[in-house]
Amino acid sequence: MIFICDFDPFGLRRYVYTFRKFCCEVKELALEDGTSTIFLSTKGHDKEVSSKLKAFIDFVGGKSSDDEFIQQLERRLTYAKHNWEWRRNYVLDSLERNSLIYDVREQGIAQGIEQGIAQGIVLGKEQGMAQGIILGKEQGIVLGKEQGIVLGKEQGMALGKEQGIVLGKEQGRIETVEDTIRLLLQHGMNADQIESIKASLLNMKGE
């Protein structure tokens, strides 16, 4: 990229300032991408430029020169200034190039928006599915725990009821035997008779 200035952009009174890319951490390491930025100044006073480049810079600054290239350039410029058709074509070409650049830029923006939307949809789906799985697991654990507690209570109550009935029957029979023995004692039966009747009642209980 070349900038032609009718002033000294850096104040060092040079005709040419050349900049290249290099590593900020290692000054000796250049990028070597083939690009440079050059500033040409019409206010330079150094003697480190060639006579042809100095003639061109002086011409840009409004000074005439006997250099053959400068003479040819001056004739071309004079022709362009006085040739309305050439100027018209130049303007149309410039407008056409600018329009093409604008169209390409707009197409690039539109394409970028479409790609961004598509990527956003994909990422949104992936994140939504991941979050849904996590939330589903958490809710499933909570609901499963609650339902498990309810079912456990119901089954526990049913089993407790069954076991309570069995134990109640057994205790009832034992109390019946004991009541019978007390009645027999009250009626004056001896111990051998009572033991025989008790054994019979207990056998009936086992059945």
# chains A, B, ... in the order shown; residues from 1 in each chain; ligands from 1
>>> residues_around(residues="range 24-39 of chain A", least_positions_apart="4", cutoff="7 Å", atoms="only C-alpha atoms", output="ChimeraX atom specification")
/A:1-4,16-20
>>> select_by_dssp(residues="range 15-195 of chain A", states="strand (DSSP E or B)", output="list in words")
Val16, Tyr17, Thr18, Phe19, Phe22, Ala30, Thr37, Ile38, Phe39, Leu40 and Ser41 of chain A
>>> closest_residue(among="A:Glu96, A:Ile141, A:Lys54, A:Glu106", to="Asp67 in chain A", atoms="only C-alpha atoms")
A:Lys54
>>> atom_distance(atom1="CA of Asp8 in chain A", atom2="CA of Ser41 in chain A")
5.5 Å
>>> residues_around(residues="Glu74 in chain A", least_positions_apart="5", cutoff="9 Å", atoms="only C-alpha atoms", output="PyMOL selection string")
chain A and resi 59+69+79
>>> atom_distance(atom1="CA of Met129 in chain A", atom2="CA of Glu146 in chain A")
25.3 Å
>>> residues_around(residues="Lys52 in chain A", least_positions_apart="5", cutoff="12 Å", atoms="only C-alpha atoms", output="list in words")
Ile57, Asp58, Phe59, Ser65, Asp66, Asp67, Glu68, Phe69, Ile70 and Gln71 of chain A
>>> write_last_selection(atoms="N, CA and C atoms", output="compact mmCIF listing (two decimals), in the first residue's frame")
# COMPACT_ATOMS: atom_id res chain seq x y z
N ILE A 57 8.27 12.34 -7.15
CA ILE A 57 7.75 13.00 -5.94
C ILE A 57 7.68 14.51 -6.16
N ASP A 58 8.70 15.05 -6.79
CA ASP A 58 8.69 16.50 -7.08
C ASP A 58 7.55 16.85 -8.02
N PHE A 59 7.26 15.98 -8.99
CA PHE A 59 6.17 16.23 -9.92
C PHE A 59 4.83 16.24 -9.18
N SER A 65 9.93 18.50 -14.41
CA SER A 65 11.16 17.72 -14.48
C SER A 65 11.44 17.38 -15.93
N ASP A 66 12.75 17.18 -16.24
CA ASP A 66 13.17 16.79 -17.58
C ASP A 66 13.19 15.27 -17.74
N ASP A 67 12.84 14.52 -16.70
CA ASP A 67 12.86 13.06 -16.77
C ASP A 67 11.86 12.58 -17.81
N GLU A 68 12.25 11.57 -18.61
CA GLU A 68 11.42 11.09 -19.71
C GLU A 68 10.09 10.53 -19.21
N PHE A 69 10.13 9.76 -18.12
CA PHE A 69 8.88 9.18 -17.58
C PHE A 69 7.94 10.28 -17.11
N ILE A 70 8.49 11.30 -16.48
CA ILE A 70 7.68 12.40 -15.98
C ILE A 70 7.06 13.17 -17.15
N GLN A 71 7.85 13.36 -18.20
CA GLN A 71 7.34 14.06 -19.38
C GLN A 71 6.18 13.28 -19.99
